[in-house]
Amino acid sequence: MEAYKEQEFKGKFDLTLWISLIKQALPQRKRMAVLALVMIMNALVDTIFPLMTRYAIDKMIIPKNIAGISTFGFMYAGLVLFQFLMVYLLIDIAGRVETGMNYDLRKNCYKKLQSMSFSYYDRTPTGWIVARLSSDISRLGDVVAWGIVDLVWGVAMLIFTMGVVLSLSWQLALIMLALLPLITWIAIRFQISMFRSYRKVRKLNSMITSSFGEGIHGAKTTKTLVRESANLDEFMTLNQDMYHHSVKAATASALFMPLILMVSSVGTGLILWRGGASVLAGAIGFGTLVAFINYTMQLFEPISNVARLFAELQNAQAAAERVFSLLELNPEIVDSVPFTPDWQARRMQGHIRLEDMSFSYKENKPVFQSFDLEIAPGESIALVGETGTGKTTLVNLICRFYEPTGGRILIDGMDYKELPLMWLHSQLGYVQQVPHLFQGSVMENIRYGRLDATDAEVMEAARVVNADEFIQNLPETYNYKVGESGNLLSTGQKQLIAFARVVLADPALLILDEATASIDTETEQLVQEAINKVLKGRTGIIVAHRLSTIRKVDRILLLHRGKILEMGNHKELMKQGGRYHQLYLNQFMSEVTEHELRKEA
Amino acid sequence: MKGQRLPYLLAMLCVIGAAIMGIVNPLIIRYTVDTVLGGKASAFPFGIGELMDQWNLAQITRSHLWLAALAVILVSLGAHSLTFLRGRLSAKVSEQFARRLRDGLYDHIQRLPYAWHSKVQTGDIIQRCTSDVDTVRRFIGLQLVQLGRGIFIVLLVLPVMISMSPRMTLISTAVVPVIFVYAYLFFKQVRKRFQEADESEGYLTTVLEESLNGIRVVRAFAREDYEVKRFNGAADDYRHKCRKLITVLAWYWASSDALCLGQIAAITVFGIGWVIDGQISLGTLLAFSTYINMLLWPIREMGRILTDMGRAQVSVGRLREIMETPVEEMDAPIRIGKGKRIKGEIEFKDLGFGYDPDHKILKGIDLHIRPGETIAILGATGSGKSTLTNLIPRLFDGYEGQVLIDGKPLQSYHRQDLRRQIGIVLQEPFLYSRSLADNIGIALPGVSRDRIEAVADEAALRESVLEFDQGFDTVIGERGITLSGGQRQRCAIARALIHDPAILILDDALSAVDSETEQLIQRSLLERKGRSTTIIITHRLTGVSLADRIVVLEHGRVVQTGPHHQLINEPGVYRRIWNIQHKLEREAS
């Protein structure tokens, strides 16, 4: 998992990456063009305002000519209205570009994720993927949309301003030009260093958050180990670090604006000195001097905006790298056979055969080697064995969540790599240890088994697996919202809903991963009955943890380190007095004990 | 805020200083334009103007214009230096404040009784310790300072403006109150939309997390298309909410910008007329157009800040709630010195306890555990086994009856001293995000690597450790690899054994360990039998074979006590379980 740590961006500007990003932004190109145009207009108006002042002073105030005042007033009002429109458009369009790009990127990433095989999900923490699809993509949309705003406005503003001042008085314009490199240097230096400092602060902040998390989650352990003061010491060191870096970052940003305004003031002073002399000499008018002072005071803004953009691009590039690493993934399991209507109508018989199959997650660490197994249609099989012996892996291979690295798996006599993956999955039912429910109503969760099922069919399915009774007792019965991951229901209730789902889906092959955790007695009874019902008429593979289940299956397979050590029904295996017997005493006796203790109570 | 008052006061003084200097600069330009270049008499109040005219300053400056430039630069330097100082000081104050607050919270939370921890929602508490602290920090470091700055600017600029031209002042401040109220009302209103967008983002994340965590279900039911539709729906809703928010914001920024620009336009147009009329000078007009920029934008910000102030207040309330919860009482007459070891005798006399007073979990428990004795507790889920063991390290108070340790009441022991004598291993142990060796040795700072490896052997952990590339230095948890349930349990056993506790409690601590490993651990527990008073909570009868005595709990009462050979000859649940097991074993052989 090393690779999934947040990597610091160190590399140089990566052109191909930005080209890929621009390609992603192509659907937005019209809006982006309009946005650029709006920014140019905006910069133009910003450049015109000081010229208005100049006109007023030189053409009206000095000659004491009041005649044009109403025209002037209307023009000014017109400019204000125009600017109103431009500001509105710039925010609105930039917002559209940003949200549109985020949406497209999210959609594409999610689609890619759905095509990825299980091995990817086993390797990649959910949190990592979520961070890519939320904050990283947001950052990209932000930097593209507002990057255009800053860049176009900044560059246009600089060009317009330089054009105007050069045409007004090249001598004074030279003073401004002399300031330009200094301001640019300060802006770039500070924006980058501020950006880095704040990134460091954010990182420390997330460390503080997880430190608080550890302190609270581990409260009991901390108390019993008497770790309080050691924990506090560690926290205070971290917090001290946070303080130090926060003040450093805040100092840099507190220095930036005053420094840049100071440089502008030096420029204003110089303009006042040289410009004043020109006014006295009659070379330029008062208005021109005032316009120059205004231009000098606003010179830093475009430069600072562009500098900030470049600082942000550094971070955005790291985000882009991660997002594109996701977009450019290649699925390991490729569904090569199309899922035609012929296939859609075909039902699986449920005959499964593993031939000389081998599998390994990592090279040189095989989980299965030359593994053979045949399951007859309609047979129910229990897989037992201690954790880590490959029960779940075997199930994943049969479901083609993983593919064998050697040998074949035949379904109804055909190598399943030659069958449509979607067909196999459409014939499959799966009930997890703690069944996964989605945020939504009970009805929606059961209907997940067959999306076109009517309400009546959903309720019928619930009745079949004894779920109807508890559902009727919920506050809004079938419309009850089960909460995030179904957390408002108990494990037993979740299982009943998952069984109802299976009944609705009517799969030819059922995979059942039994819960290890204890379920309350009454629900337990219902779950057991439900298991019997859903196993009827289909091939069933159960990762078994409960005695009551094991006793009912046709065949028990005892797995140990990727091999079938013992096979038979419960009585036969107990008679052998081998590993199953031992496991039984260990694992299933606790169930017996709990059961007996409860009976007593 | 202790020790921070002076720097904070200084920061406020800097705000005032910077505001004053900010006001002076336009006056210099006005003087330069009107008097030096325009040849009018200077118009400063309080005789300053006359004084300047007496010294013939205008004439001097006229021939040495760089003096005006120098004045502008010097005043700017002063203003900007003060602004920087203000920024640095207020950052220091607010960061220091936040730091102390966080330290205080962390310390306080650690010292709160465990009863509090078992009740609260972790996510909520973490959020209070991070975002609420940050809200308060921003309020002190930024918002309050900005507010102060806004107020001082209004107080300082207005008199100067009025002294120059009351009529012009009236025209130029017309929009100021409007923009303030507008900003305030707008941000108050728009907050709902921000919340909507946040909620929509939260939903999007939930949908994403759910479908990633439930990927098995999605695949097994071949619901990829359905999930894509669901995700796209959520993403579209989020886009929609964001866009609506942005449109509203676009309206606000455009209209408030236009209002401010309109104000500037009004000054310019009226100003031109009045300058031509000779009612005001050109320099005055220029000064006004600078001042209005100093007023408008900060005041627009103030409207926004005011809406945020409510949030700071709420945050303070939420933090106070934590800080005002009383911590565990630490005073106790009996202290156990370093290196001392208690005997480990435990006696419960007519013990009754419930987390909630109306609902008793333990009732009338009488049990005497001798030093070094090994006791196995059997009981159904919810029978009170863990609750009983939670009382021994004083994690909960408020029980009825008596608990004696080495013959003295439990409450008379110093909590931490007592806990150092006890090793507890839980079914789902909490491990710290650091190396394996650090985790094992965490209760004994500075413990040797040999000792760590020795207890790891006792807990049958060594073999697993050797599979990791970095052995005992492998980092586990959030920042490292994830251990299996059995590995975690074994790690916790090693951690409990390291300080050779006088009392060892294993709360279903071997449930995830496979049978072979369990036998290894049992062997080492057997070897150290008699060394600690040991309480084993278990479901497996194999664990019972270690025990000197077995205690059966039912609904918080002891129903059977005695050694194995006695209980199997006594009618009751223990004999029944034993018989079932025995029968099965016989069947097998």
# chains A, B, ... in the order shown; residues from 1 in each chain; ligands from 1
call {"tool": "residues_around", "arguments": {"residues": "region 264-267 of chain A", "least_positions_apart": "2", "cutoff": "6 Å", "atoms": "only C-alpha atoms", "output": "list of chain:residue names"}}
result
A:Leu261, A:Met262, A:Gly269, A:Leu270, A:Met297, B:Ile73
call {"tool": "residues_around", "arguments": {"residues": "region 530-538 of chain B", "least_positions_apart": "6", "cutoff": "9 Å", "atoms": "only C-alpha atoms", "output": "ChimeraX atom specification"}}
result
/A:590 /B:343-346,369-379,385-386,389,500-511,544,547
call {"tool": "residues_around", "arguments": {"residues": "Gln528 (chain A)", "least_positions_apart": "5", "cutoff": "12 Å", "atoms": "only C-alpha atoms", "output": "NGL selection string"}}
result
:A and (465-466 or 492 or 495-496 or 499 or 514-515 or 519 or 521-523 or 533-535 or 546-552)
call {"tool": "atom_distance", "arguments": {"atom1": "CA of Ile91 (chain A)", "atom2": "CA of Ala250 (chain B)"}}
result
5.2 Å
call {"tool": "residues_around", "arguments": {"residues": "region 4-11 of chain B", "least_positions_apart": "3", "cutoff": "10 Å", "atoms": "only C-alpha atoms", "output": "list in words"}}
result
Met1, Cys14, Val15, Ile16, Gly17, Leu82, Thr83, Phe84, Leu85, Arg86, Gly87, Arg88, Leu89, Ser90, Ala91, Lys92, Val93, Ser94, Gln96, Phe97, Ile140, Gly141 and Val145 of chain B
